[in-house]
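Here is data.txt, consisting of compact mmCIF, C-alpha atoms:
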```txt
# COMPACT_ATOMS: atom_id res chain seq x y z
CA MET A 1 -2.97 -2.71 11.81
CA ILE A 2 -3.13 -1.93 8.13
CA PHE A 3 -0.61 0.54 6.75
CA VAL A 4 -1.69 2.44 3.65
CA THR A 5 0.82 4.62 1.81
CA ALA A 6 0.16 6.62 -1.35
CA GLY A 7 3.52 8.36 -1.71
CA THR A 8 4.34 12.03 -1.47
CA GLN A 9 4.43 13.28 -5.05
CA LEU A 10 0.83 13.76 -6.14
CA PRO A 11 -2.58 13.06 -4.55
CA PHE A 12 -3.97 9.57 -5.10
CA ASP A 13 -7.66 10.00 -4.28
CA ARG A 14 -8.88 6.74 -5.82
CA LEU A 15 -6.86 4.76 -3.27
CA ILE A 16 -7.84 6.92 -0.29
CA LYS A 17 -11.51 6.85 -1.25
CA THR A 18 -11.43 3.06 -1.50
CA ILE A 19 -9.65 2.74 1.85
CA ASP A 20 -12.23 5.07 3.37
CA ASN A 21 -15.00 2.76 2.14
CA ILE A 22 -13.16 -0.35 3.34
CA ALA A 23 -12.65 1.28 6.77
CA ALA A 24 -16.40 1.86 6.99
CA GLU A 25 -16.93 -1.81 6.24
CA PHE A 26 -14.38 -3.01 8.84
CA PRO A 27 -14.82 -0.59 11.79
CA SER A 28 -12.76 -2.65 14.23
CA THR A 29 -9.63 -2.57 12.03
CA CYS A 30 -6.99 0.09 12.62
CA PHE A 31 -5.75 1.98 9.56
CA VAL A 32 -2.65 4.17 9.32
CA VAL A 33 -2.87 6.16 6.10
CA GLN A 34 -0.23 8.35 4.52
CA ALA A 35 -1.22 10.46 1.51
CA LEU A 36 -1.05 14.00 0.24
CA HIS A 37 -4.06 16.08 1.21
CA SER A 38 -6.43 16.83 -1.63
CA ASN A 39 -10.07 17.67 -2.30
CA TYR A 40 -11.30 14.35 -1.01
CA LYS A 41 -12.08 14.41 2.72
CA ALA A 42 -11.92 10.98 4.30
CA LYS A 43 -14.60 10.29 6.89
CA ASN A 44 -13.52 7.02 8.49
CA ILE A 45 -9.74 7.30 8.49
CA ASN A 46 -7.13 9.80 9.58
CA VAL A 47 -4.75 10.76 6.75
CA LEU A 48 -1.14 11.74 7.53
CA ASP A 49 0.55 14.10 5.10
CA PHE A 50 4.16 13.01 5.48
CA ILE A 51 5.85 10.54 7.80
CA SER A 52 9.56 10.46 8.57
CA PRO A 53 11.71 7.57 7.25
CA SER A 54 12.06 6.13 10.77
CA ASP A 55 8.29 6.26 11.37
CA PHE A 56 7.78 4.71 7.96
CA ALA A 57 10.05 1.80 8.89
CA LYS A 58 8.17 1.41 12.20
CA TYR A 59 4.76 1.31 10.50
CA ILE A 60 6.03 -1.26 7.99
CA ASP A 61 7.29 -3.34 10.92
CA ASP A 62 3.99 -3.16 12.79
CA ALA A 63 1.65 -3.62 9.85
CA GLN A 64 -0.16 -6.90 9.28
CA LEU A 65 -1.00 -5.80 5.74
CA ILE A 66 0.33 -3.01 3.57
CA ILE A 67 -1.70 -1.34 0.83
CA SER A 68 0.28 1.01 -1.36
CA HIS A 69 0.78 2.75 -4.68
CA ALA A 70 3.32 1.05 -6.97
CA GLY A 71 6.33 2.83 -5.47
CA MET A 72 9.41 0.63 -5.38
CA GLY A 73 10.46 2.07 -2.01
CA THR A 74 7.39 0.68 -0.27
CA ILE A 75 7.42 -2.56 -2.26
CA ILE A 76 11.07 -3.28 -1.41
CA SER A 77 10.55 -2.36 2.27
CA ALA A 78 7.56 -4.71 2.48
CA LEU A 79 9.35 -7.58 0.71
CA VAL A 80 12.40 -7.27 2.97
CA LYS A 81 10.19 -7.44 6.07
CA LYS A 82 8.16 -10.33 4.59
CA LYS A 83 4.95 -8.31 4.85
CA PRO A 84 1.90 -8.99 2.71
CA ILE A 85 1.33 -6.08 0.35
CA ILE A 86 -1.39 -5.11 -2.11
CA VAL A 87 -0.22 -2.72 -4.80
CA MET A 88 -2.49 -0.39 -6.76
CA PRO A 89 -0.79 1.58 -9.56
CA ARG A 90 -1.18 5.31 -10.03
CA LEU A 91 -2.44 6.02 -13.52
CA ALA A 92 -1.37 8.97 -15.62
CA LYS A 93 -4.80 9.18 -17.25
CA PHE A 94 -6.23 10.26 -13.86
CA LYS A 95 -3.30 12.71 -13.42
CA GLU A 96 -1.96 10.62 -10.56
CA HIS A 97 1.51 10.45 -12.04
CA ARG A 98 3.56 12.00 -14.85
CA ASN A 99 3.71 8.82 -16.88
CA GLU A 100 2.32 5.31 -16.95
CA HIS A 101 5.37 3.56 -15.47
CA GLN A 102 3.58 2.43 -12.30
CA LEU A 103 1.30 0.26 -14.40
CA GLY A 104 4.34 -1.45 -15.96
CA THR A 105 5.97 -1.93 -12.56
CA THR A 106 2.78 -3.44 -11.16
CA LYS A 107 2.32 -5.86 -14.06
CA GLN A 108 5.93 -7.02 -13.81
CA MET A 109 5.84 -7.41 -10.01
CA ASP A 110 2.60 -9.40 -10.39
CA MET A 111 4.00 -11.59 -13.16
CA LEU A 112 7.15 -12.40 -11.16
CA GLY A 113 4.99 -13.24 -8.15
CA TYR A 114 6.39 -10.68 -5.74
CA VAL A 115 3.25 -8.83 -4.65
CA ASP A 116 -0.55 -8.92 -4.72
CA VAL A 117 -1.95 -6.34 -7.08
CA ALA A 118 -5.19 -4.48 -7.71
CA TYR A 119 -5.49 -2.53 -10.93
CA ASP A 120 -8.55 -0.54 -9.85
CA GLU A 121 -10.77 0.28 -6.87
CA TYR A 122 -13.10 -2.70 -7.35
CA GLU A 123 -10.28 -5.18 -7.53
CA LEU A 124 -8.77 -3.68 -4.37
CA ILE A 125 -12.01 -4.10 -2.42
CA TYR A 126 -12.42 -7.64 -3.78
CA LYS A 127 -8.81 -8.60 -2.89
CA PHE A 128 -9.14 -7.04 0.55
CA ARG A 129 -12.36 -8.88 1.40
CA GLN A 130 -10.75 -12.09 0.20
CA MET A 131 -7.63 -11.65 2.35
CA TRP A 132 -8.66 -9.79 5.48
CA PRO A 133 -8.43 -10.89 8.24
CA ASN A 134 -7.79 -14.62 7.91
CA ARG A 135 -5.86 -15.09 4.71
CA VAL A 136 -3.18 -12.43 4.96
CA VAL A 137 0.05 -14.03 3.74
CA PRO A 138 3.02 -12.47 1.96
CA ARG A 139 3.29 -13.59 -1.64
CA SER A 140 7.07 -13.44 -1.63
CA SER A 141 10.10 -11.99 0.15
CA ILE A 142 13.64 -10.86 -0.67
CA GLY A 143 17.00 -10.69 1.12
CA GLN A 144 18.47 -7.72 2.95
CA VAL A 145 20.64 -6.60 0.03
CA ALA A 146 20.82 -6.76 -3.76
CA SER A 147 21.85 -9.84 -5.72
CA GLU A 148 25.55 -10.65 -5.95
CA SER A 149 25.64 -10.22 -9.73
CA ILE A 150 24.88 -6.50 -9.84
CA ILE A 151 27.23 -5.72 -6.95
CA SER A 152 30.16 -7.61 -8.44
CA SER A 153 29.53 -6.00 -11.83
CA LEU A 154 29.59 -2.54 -10.23
CA ASN A 155 32.68 -3.42 -8.23
CA ASP A 156 34.55 -4.51 -11.36
CA PHE A 157 33.59 -1.35 -13.18
CA ILE A 158 34.75 0.87 -10.32
CA LYS A 159 38.05 -0.98 -10.03
CA TYR A 160 39.18 -1.62 -13.56
CA MET B 1 50.59 2.91 -0.27
CA LEU B 2 52.59 4.98 -2.66
CA THR B 3 56.31 4.59 -2.61
CA THR B 4 58.71 7.51 -2.61
CA LYS B 5 59.58 6.74 -6.20
CA GLN B 6 55.97 7.11 -7.31
CA THR B 7 55.45 10.32 -5.37
CA LEU B 8 58.66 11.70 -6.86
CA ALA B 9 57.54 10.77 -10.36
CA ARG B 10 54.27 12.62 -9.87
CA LEU B 11 55.98 15.66 -8.39
CA LEU B 12 58.41 15.67 -11.29
CA LEU B 13 55.51 15.58 -13.75
CA ALA B 14 53.77 18.45 -12.03
CA PHE B 15 56.95 20.48 -11.83
CA SER B 16 57.86 19.93 -15.48
CA ASP B 17 54.35 20.98 -16.51
CA PHE B 18 54.65 24.12 -14.43
CA ILE B 19 57.99 24.99 -16.03
CA LEU B 20 56.56 24.20 -19.44
CA LEU B 21 53.66 26.60 -18.89
CA ASN B 22 56.00 29.39 -17.90
CA VAL B 23 58.10 28.71 -20.98
CA CYS B 24 54.86 28.92 -23.00
CA LEU B 25 54.12 32.28 -21.47
CA TYR B 26 57.62 33.53 -22.14
CA ALA B 27 57.51 32.31 -25.73
CA SER B 28 54.23 34.08 -26.42
CA TYR B 29 55.64 37.22 -24.76
CA HIS B 30 58.70 36.97 -26.99
CA PHE B 31 56.66 36.56 -30.18
CA THR B 32 54.29 39.37 -29.26
CA THR B 33 57.03 41.90 -28.53
CA LYS B 34 58.54 40.94 -31.87
CA TYR B 35 55.31 42.17 -33.47
CA GLY B 36 55.78 45.50 -31.76
CA PHE B 37 53.53 45.35 -28.74
CA GLU B 38 54.92 46.85 -25.54
CA PHE B 39 53.98 45.17 -22.27
CA THR B 40 53.78 47.07 -19.04
CA LYS B 41 55.21 45.46 -15.95
CA TYR B 42 51.71 45.22 -14.55
CA SER B 43 50.30 43.23 -17.48
CA ILE B 44 53.24 40.81 -17.38
CA PHE B 45 52.62 40.26 -13.70
CA LYS B 46 48.93 39.75 -14.36
CA ALA B 47 49.59 37.18 -17.10
CA LEU B 48 51.98 35.32 -14.84
CA ILE B 49 49.49 35.13 -11.97
CA PHE B 50 46.75 34.12 -14.42
CA THR B 51 48.87 31.28 -15.78
CA TRP B 52 49.72 29.96 -12.35
CA ILE B 53 46.15 30.10 -11.11
CA THR B 54 44.71 28.31 -14.14
CA TRP B 55 47.39 25.66 -13.88
CA PHE B 56 46.77 25.15 -10.18
CA LEU B 57 42.99 25.02 -10.62
CA SER B 58 43.12 22.54 -13.47
CA THR B 59 45.54 20.40 -11.50
CA TYR B 60 43.12 20.42 -8.58
CA ILE B 61 39.91 19.90 -10.52
CA PHE B 62 41.03 17.30 -13.05
CA ARG B 63 43.53 15.53 -10.78
CA LEU B 64 46.20 15.78 -13.46
CA TYR B 65 48.91 14.18 -11.34
CA SER B 66 46.93 12.05 -8.90
CA GLU B 67 47.83 8.38 -8.65
CA TYR B 68 44.34 7.62 -9.88
CA THR B 69 44.80 9.57 -13.11
CA VAL B 70 48.38 8.90 -14.17
CA TYR B 71 47.92 5.15 -14.25
CA LYS B 72 45.75 4.73 -17.30
CA PHE B 73 46.02 6.10 -20.79
CA LYS B 74 42.27 6.73 -20.87
CA ASP B 75 42.30 8.74 -17.64
CA ILE B 76 45.37 10.74 -18.69
CA ASN B 77 43.63 11.49 -21.97
CA LYS B 78 40.42 12.57 -20.23
CA ALA B 79 42.21 14.89 -17.80
CA THR B 80 44.44 16.39 -20.52
CA TRP B 81 41.63 17.35 -22.86
CA ARG B 82 39.60 18.83 -20.04
CA THR B 83 42.62 20.81 -18.84
CA ILE B 84 43.19 22.20 -22.33
CA VAL B 85 39.54 23.20 -22.72
CA PHE B 86 39.63 24.75 -19.25
CA HIS B 87 42.73 26.78 -20.16
CA LEU B 88 41.22 27.96 -23.44
CA LEU B 89 38.02 28.94 -21.63
CA ALA B 90 39.97 30.85 -18.99
CA ILE B 91 42.04 32.60 -21.68
CA TYR B 92 38.87 33.53 -23.53
CA LEU B 93 37.34 34.97 -20.36
CA LEU B 94 40.54 36.93 -19.68
CA LEU B 95 40.43 38.35 -23.18
CA ARG B 96 36.80 39.37 -22.72
CA SER B 97 37.53 41.19 -19.50
CA ASN B 98 40.68 42.91 -20.86
CA PRO B 99 40.02 44.20 -24.36
CA THR B 100 43.40 45.95 -24.34
CA PHE B 101 45.24 42.63 -24.17
CA PRO B 102 46.77 41.93 -27.59
CA PRO B 103 44.69 39.16 -29.22
CA HIS B 104 47.56 37.71 -31.21
CA CYS B 105 49.57 37.29 -27.99
CA VAL B 106 46.65 35.41 -26.49
CA PHE B 107 46.26 33.34 -29.63
CA ILE B 108 49.92 32.37 -29.66
CA TYR B 109 49.77 31.62 -25.95
CA SER B 110 46.73 29.34 -26.36
CA LEU B 111 48.39 27.51 -29.22
CA ILE B 112 51.59 26.98 -27.27
CA VAL B 113 49.67 25.86 -24.17
CA VAL B 114 47.73 23.27 -26.15
CA CYS B 115 50.89 21.90 -27.76
CA GLY B 116 52.71 22.07 -24.44
CA PHE B 117 50.12 20.06 -22.56
CA LEU B 118 49.87 17.43 -25.28
CA PHE B 119 53.65 17.11 -25.28
CA SER B 120 53.77 16.84 -21.49
CA ARG B 121 51.09 14.16 -21.49
CA ILE B 122 52.88 12.11 -24.10
CA ILE B 123 55.90 12.16 -21.82
CA CYS B 124 53.64 11.20 -18.92
CA ILE B 125 52.29 8.20 -20.85
CA ALA B 126 55.83 7.26 -21.81
CA ILE B 127 57.39 7.34 -18.34
CA MET B 128 54.48 5.91 -16.33
CA PRO B 129 55.17 2.24 -17.18
CA LEU B 130 58.72 2.76 -15.87
CA VAL B 131 57.49 3.83 -12.44
CA LYS B 132 55.24 0.73 -12.02
CA PHE B 133 52.38 1.95 -9.86
CA ASN B 134 50.60 -0.63 -7.77
CA PHE B 135 47.05 0.06 -8.80
CA GLU B 136 45.32 -2.89 -7.22
CA LYS B 137 45.49 -1.08 -3.91
CA ARG B 138 44.50 2.37 -5.05
CA GLU B 139 41.30 3.46 -3.36
CA ALA B 140 38.66 5.43 -5.16
CA HIS B 141 36.54 8.00 -3.42
CA ILE B 142 32.95 7.17 -4.33
CA LEU B 143 30.09 9.63 -4.33
CA ALA B 144 26.66 7.98 -4.12
CA ILE B 145 23.66 10.16 -4.96
CA ALA B 146 19.94 9.35 -4.69
CA SER B 147 16.76 11.28 -3.98
CA VAL B 148 14.59 10.49 -1.00
CA GLY B 149 12.10 7.64 -1.48
CA GLY B 150 12.41 4.63 -3.76
CA HIS B 151 15.68 5.86 -5.28
CA TRP B 152 17.31 6.00 -1.86
CA ILE B 153 16.01 2.56 -0.87
CA GLU B 154 17.38 1.13 -4.12
CA LEU B 155 20.76 2.72 -3.36
CA LEU B 156 20.77 1.17 0.11
CA ARG B 157 20.25 -2.26 -1.49
CA ILE B 158 23.75 -2.09 -3.00
CA MET B 159 25.40 -1.26 0.34
CA PRO B 160 27.73 -4.32 0.20
CA LEU B 161 29.47 -2.53 -2.67
CA PHE B 162 30.40 0.35 -0.36
CA LYS B 163 31.68 -1.79 2.51
CA GLY B 164 35.19 -0.73 3.51
CA LYS B 165 35.32 1.94 0.82
CA ASN B 166 35.61 5.68 1.07
CA VAL B 167 32.05 6.71 0.26
CA THR B 168 30.11 9.96 0.62
CA PHE B 169 26.34 9.98 0.28
CA ILE B 170 24.26 12.84 -1.06
CA SER B 171 20.48 13.08 -0.89
CA ASN B 172 17.84 15.76 -0.54
CA LYS B 173 16.52 14.88 2.91
CA ALA B 174 18.66 15.39 6.02
CA SER B 175 16.98 12.68 8.12
CA LEU B 176 18.27 9.99 5.75
CA SER B 177 21.73 10.33 7.32
CA ASN B 178 20.49 7.88 9.98
CA THR B 179 20.37 5.11 7.40
CA VAL B 180 24.07 5.51 6.46
CA LYS B 181 25.57 6.20 9.87
CA ASP B 182 29.03 4.85 9.04
CA TYR B 183 29.53 7.17 6.08
CA LYS B 184 29.72 10.86 5.36
CA PHE B 185 26.41 12.37 4.32
CA HIS B 186 25.46 15.68 2.72
CA THR B 187 22.13 17.24 1.81
CA VAL B 188 21.35 19.18 -1.37
CA PRO B 189 18.18 21.20 -2.05
CA ASP B 190 15.32 19.34 -3.68
CA ALA B 191 14.78 19.79 -7.41
CA ASN B 192 12.41 18.88 -10.19
CA ARG B 193 11.69 19.79 -13.78
CA ASN B 194 8.96 22.29 -12.94
CA ASN B 195 10.77 24.74 -10.68
CA ILE B 196 13.72 26.49 -12.34
CA LEU B 197 14.91 28.33 -9.24
CA LYS B 198 15.03 25.15 -7.14
CA LEU B 199 16.78 23.37 -9.98
CA LEU B 200 19.45 26.10 -10.14
CA LYS B 201 20.01 25.89 -6.38
CA CYS B 202 20.38 22.14 -6.70
CA ILE B 203 22.84 22.49 -9.61
CA VAL B 204 25.03 24.93 -7.66
CA SER B 205 24.94 22.69 -4.61
CA VAL B 206 25.80 19.47 -6.48
CA PHE B 207 28.55 21.24 -8.44
CA GLY B 208 30.00 22.64 -5.22
CA PHE B 209 30.02 19.28 -3.45
CA ILE B 210 31.68 17.54 -6.37
CA LEU B 211 34.33 20.27 -6.66
CA ILE B 212 35.10 20.09 -2.94
CA LEU B 213 34.88 16.30 -2.50
CA ARG B 214 36.52 15.49 -5.85
CA PRO B 215 35.28 11.88 -6.08
CA GLN B 216 36.77 9.49 -8.63
CA VAL B 217 33.50 7.65 -9.07
CA ILE B 218 29.91 8.95 -9.01
CA ILE B 219 27.19 6.34 -8.68
CA THR B 220 23.51 7.21 -8.66
CA THR B 221 20.15 5.46 -8.70
CA GLY B 222 18.31 8.46 -9.83
CA ALA B 223 16.16 11.45 -10.10
CA ALA B 224 17.24 15.04 -10.58
CA PRO B 225 20.21 15.42 -8.17
CA GLY B 226 21.71 12.17 -9.47
CA LEU B 227 21.40 13.28 -13.07
CA LEU B 228 23.03 16.61 -12.18
CA GLY B 229 25.82 14.63 -10.56
CA ILE B 230 26.30 12.74 -13.83
CA VAL B 231 26.40 16.01 -15.81
CA VAL B 232 28.94 17.62 -13.47
CA GLY B 233 30.92 14.39 -13.36
CA LYS B 234 31.09 14.34 -17.14
CA ILE B 235 32.41 17.92 -17.22
CA LEU B 236 35.06 17.19 -14.61
CA GLY B 237 36.05 13.81 -16.03
CA VAL B 238 34.78 11.66 -13.15
CA LYS B 239 33.78 8.05 -13.78
CA THR B 240 29.98 8.05 -13.66
CA ILE B 241 27.48 5.20 -13.21
CA TRP B 242 23.72 5.50 -13.63
CA ILE B 243 21.51 2.71 -12.30
CA ASP B 244 18.02 3.07 -13.73
CA SER B 245 15.24 2.41 -11.24
CA ILE B 246 13.67 -1.04 -11.16
CA ALA B 247 10.33 0.77 -11.55
CA ASN B 248 11.13 1.48 -15.22
CA VAL B 249 9.96 -1.77 -16.75
CA ASP B 250 8.71 -0.71 -20.19
CA LYS B 251 11.40 1.80 -21.09
CA LEU B 252 14.35 3.65 -19.61
CA SER B 253 13.39 6.76 -17.61
CA LEU B 254 13.88 10.16 -19.25
CA SER B 255 16.81 10.84 -16.92
CA GLY B 256 18.21 7.44 -17.86
CA VAL B 257 18.09 8.33 -21.55
CA ILE B 258 19.98 11.57 -20.85
CA ALA B 259 22.45 9.66 -18.70
CA LEU B 260 23.00 7.31 -21.64
CA TRP B 261 24.68 10.21 -23.44
CA LEU B 262 26.81 11.29 -20.51
CA ALA B 263 27.49 8.47 -18.05
CA ASP B 264 30.34 6.01 -18.45
CA ARG B 265 27.95 3.18 -17.74
CA VAL B 266 24.16 2.87 -17.56
CA TYR B 267 22.53 -0.10 -15.86
CA THR B 268 18.99 -1.28 -16.38
CA GLN B 269 17.39 -3.76 -14.02
CA TRP B 270 15.37 -5.53 -16.68
CA GLU B 271 17.01 -7.85 -19.17
CA HIS B 272 14.61 -6.96 -22.00
CA LEU B 273 15.76 -3.31 -21.85
CA SER B 274 19.45 -4.12 -22.13
CA ASN B 275 21.49 -3.59 -25.28
CA PRO B 276 25.22 -3.12 -26.00
CA LYS B 277 25.06 0.34 -24.40
CA ILE B 278 22.70 -0.43 -21.53
CA VAL B 279 24.11 -3.00 -19.15
CA TYR B 280 21.98 -5.62 -17.40
CA SER B 281 23.53 -7.55 -14.55
CA GLY B 282 20.68 -8.62 -12.31
CA ASN B 283 18.47 -6.34 -10.26
CA ILE B 284 18.51 -4.98 -6.74
CA LEU B 285 15.70 -7.24 -5.46
```

Take the structure I supplied and represent it as structure tokens, if you would.
Amino acid sequence: MIFVTAGTQLPFDRLIKTIDNIAAEFPSTCFVVQALHSNYKAKNINVLDFISPSDFAKYIDDAQLIISHAGMGTIISALVKKKPIIVMPRLAKFKEHRNEHQLGTTKQMDMLGYVDVAYDEYELIYKFRQMWPNRVVPRSSIGQVASESIISSLNDFIKY
Amino acid sequence: MLTTKQTLARLLLAFSDFILLNVCLYASYHFTTKYGFEFTKYSIFKALIFTWITWFLSTYIFRLYSEYTVYKFKDINKATWRTIVFHLLAIYLLLRSNPTFPPHCVFIYSLIVVCGFLFSRIICIAIMPLVKFNFEKREAHILAIASVGGHWIELLRIMPLFKGKNVTFISNKASLSNTVKDYKFHTVPDANRNNILKLLKCIVSVFGFILILRPQVIITTGAAPGLLGIVVGKILGVKTIWIDSIANVDKLSLSGVIALWLADRVYTQWEHLSNPKIVYSGNIL
């Protein structure tokens, strides 16, 4: 199963359109897609508007591959569960977000080797064809909780 | 645990402040009658009740005599100034609602109250080292605020910090209470920059929770409710911590920049964004 999540703030049609095309190309693959409804009507996939946090955790658990916008919530969840994830940033120039911070997040996450990234639709299709179904491996993973340094720094500040 | 001696010291402080305030009131009454203004019994009663209520409220809100406040010069200072401003504000509002109240009486009263509180706090600072509080064991009540989504997940990453502590969580989605089962959890209405009515509802809600819960520390990973928490915390003299989201790689978020003015400490999760005012100490990955 492939879990696709585009967040709940604004529509992200470029991603959904691309997934729709990929789903047409791989008819035997199951897609679970979460995105805000918009003008674009997907033909090959069923789009869920909102999923509860517990369902979200379940889908992350079950997914063989996650494709998502550059939201840190999804990225962290995937890294904790050691799931392969392809990240495609929302761009402000297409009115997909208020500012261009997702591009920065994506670049940094790519540079540090945490996630696979696709900066546009073509790269996403290319990456997907390359990986699915035989070469799906997580690029990295993280522990259950934050690093010791930030926690001890916070603890000291609360105590002093 | 607090010893009897420490509790007594705090009670004594509170009591002496209360007496001092009444003396202030009497003094201003004395000066005003000297200038030829006649008080009715009713207005004296009203002034007395007003004084007691403002004193009680400021004691409650700013924790003037709590073991958390009286221990450090900085905290005493914070609480004192806020109490004085609160009193002046209350006096001003009283004057607005009662135009017949003699302004010079009110002026003298405000002046005496300000001097009185400063005097009382100097005494507080002077006698506190004698009482020797054991502050290693004092336990802060922490309020952790984050919006649903990435902010909440980032907050959950620092859970080891909250282990064994008295923590209350606030978010804007009720179903998140499942993720922090061992702690208290409250929901506030959602808010964003574009909807003023929703924002107002959120402000009232956050303000109410902070007034009722009276945390000593507010820690937030972001978005609108967290920033409101920082604002309210600043007004009430709570220690506030803003952790900017790891998603902000190129620059601090707009909320983060505002928090930089108000919060006691602002964390960034990227070393290249840190400076003497913005703290970097690793990230939550």

- Task: Could you please tell me, as a ChimeraX atom specification, which residues of chain B have an atom within 10 Å of chain A when using all atoms listed in the file?
- Result: /B:72,135-140,142,148-162,173,175-176,178-179,216-219,239-241,243,245-253,264-265,267,269-270,279-285

- Query: Contacts of stretch 16-18 of chain A at 8 Å or less, counting all atoms listed in the file, minus same-chain residues fewer than 4 places along, as an MDAnalysis selection string?
  - Reply: chainID A and resid 12 22 35 40 42 121 124:125

- Message: Report, in Å with one decimal, the straight-line distance from atom CA of A:Tyr119 to atom CA of A:Ile67.
- Response: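 Here the two named atoms are 12.4 Å from each other.
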
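When atom CA of A:Ile2 is paired with atom CA of A:Met131, their separation reads 12.2 Å.
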
- Message: What does the structure give for the distance between atom CA of B:Arg82 and atom CA of B:Val114, in Å to one decimal?
- Response: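 Atom-to-atom, atom CA of B:Arg82 and atom CA of B:Val114 are spaced 11.1 Å apart.
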
Can you complete the atoms of stretch 248-266 of chain B to N, CA and C atoms and list them as a PDB file, keeping the file's coordinate frame?
```pdb
ATOM      1  N   ASN B 248      11.246   1.242 -13.775  1.00  0.00           N
ATOM      2  CA  ASN B 248      11.130   1.480 -15.220  1.00  0.00           C
ATOM      3  C   ASN B 248      11.198   0.172 -15.980  1.00  0.00           C
ATOM      4  N   VAL B 249      10.039  -0.435 -16.159  1.00  0.00           N
ATOM      5  CA  VAL B 249       9.960  -1.770 -16.750  1.00  0.00           C
ATOM      6  C   VAL B 249       9.828  -1.703 -18.269  1.00  0.00           C
ATOM      7  N   ASP B 250       9.023  -0.754 -18.753  1.00  0.00           N
ATOM      8  CA  ASP B 250       8.710  -0.710 -20.190  1.00  0.00           C
ATOM      9  C   ASP B 250       9.775   0.012 -20.990  1.00  0.00           C
ATOM     10  N   LYS B 251      10.319   1.088 -20.415  1.00  0.00           N
ATOM     11  CA  LYS B 251      11.400   1.800 -21.090  1.00  0.00           C
ATOM     12  C   LYS B 251      12.261   2.508 -20.051  1.00  0.00           C
ATOM     13  N   LEU B 252      13.460   2.917 -20.494  1.00  0.00           N
ATOM     14  CA  LEU B 252      14.350   3.650 -19.610  1.00  0.00           C
ATOM     15  C   LEU B 252      13.688   4.982 -19.230  1.00  0.00           C
ATOM     16  N   SER B 253      13.948   5.460 -18.019  1.00  0.00           N
ATOM     17  CA  SER B 253      13.390   6.760 -17.610  1.00  0.00           C
ATOM     18  C   SER B 253      14.010   7.860 -18.475  1.00  0.00           C
ATOM     19  N   LEU B 254      13.367   9.031 -18.472  1.00  0.00           N
ATOM     20  CA  LEU B 254      13.880  10.160 -19.250  1.00  0.00           C
ATOM     21  C   LEU B 254      15.288  10.524 -18.787  1.00  0.00           C
ATOM     22  N   SER B 255      15.484  10.558 -17.462  1.00  0.00           N
ATOM     23  CA  SER B 255      16.810  10.840 -16.920  1.00  0.00           C
ATOM     24  C   SER B 255      17.811   9.790 -17.390  1.00  0.00           C
ATOM     25  N   GLY B 256      17.342   8.534 -17.424  1.00  0.00           N
ATOM     26  CA  GLY B 256      18.210   7.440 -17.860  1.00  0.00           C
ATOM     27  C   GLY B 256      18.661   7.629 -19.296  1.00  0.00           C
ATOM     28  N   VAL B 257      17.757   8.103 -20.141  1.00  0.00           N
ATOM     29  CA  VAL B 257      18.090   8.330 -21.550  1.00  0.00           C
ATOM     30  C   VAL B 257      19.140   9.434 -21.674  1.00  0.00           C
ATOM     31  N   ILE B 258      18.979  10.499 -20.848  1.00  0.00           N
ATOM     32  CA  ILE B 258      19.980  11.570 -20.850  1.00  0.00           C
ATOM     33  C   ILE B 258      21.314  11.025 -20.337  1.00  0.00           C
ATOM     34  N   ALA B 259      21.230  10.232 -19.273  1.00  0.00           N
ATOM     35  CA  ALA B 259      22.450   9.660 -18.700  1.00  0.00           C
ATOM     36  C   ALA B 259      23.180   8.775 -19.707  1.00  0.00           C
ATOM     37  N   LEU B 260      22.415   8.172 -20.616  1.00  0.00           N
ATOM     38  CA  LEU B 260      23.000   7.310 -21.640  1.00  0.00           C
ATOM     39  C   LEU B 260      24.009   8.083 -22.498  1.00  0.00           C
ATOM     40  N   TRP B 261      23.759   9.365 -22.668  1.00  0.00           N
ATOM     41  CA  TRP B 261      24.680  10.210 -23.440  1.00  0.00           C
ATOM     42  C   TRP B 261      25.919  10.560 -22.639  1.00  0.00           C
ATOM     43  N   LEU B 262      25.753  10.687 -21.314  1.00  0.00           N
ATOM     44  CA  LEU B 262      26.810  11.290 -20.510  1.00  0.00           C
ATOM     45  C   LEU B 262      27.573  10.284 -19.646  1.00  0.00           C
ATOM     46  N   ALA B 263      26.858   9.340 -19.044  1.00  0.00           N
ATOM     47  CA  ALA B 263      27.490   8.470 -18.050  1.00  0.00           C
ATOM     48  C   ALA B 263      28.432   7.474 -18.718  1.00  0.00           C
ATOM     49  N   ASP B 264      29.418   7.018 -17.934  1.00  0.00           N
ATOM     50  CA  ASP B 264      30.340   6.010 -18.450  1.00  0.00           C
ATOM     51  C   ASP B 264      29.663   4.649 -18.524  1.00  0.00           C
ATOM     52  N   ARG B 265      28.710   4.432 -17.657  1.00  0.00           N
ATOM     53  CA  ARG B 265      27.950   3.180 -17.740  1.00  0.00           C
ATOM     54  C   ARG B 265      26.528   3.386 -17.237  1.00  0.00           C
ATOM     55  N   VAL B 266      25.567   2.808 -17.965  1.00  0.00           N
ATOM     56  CA  VAL B 266      24.160   2.870 -17.560  1.00  0.00           C
ATOM     57  C   VAL B 266      23.664   1.441 -17.348  1.00  0.00           C
TER      58      VAL B 266
END
```
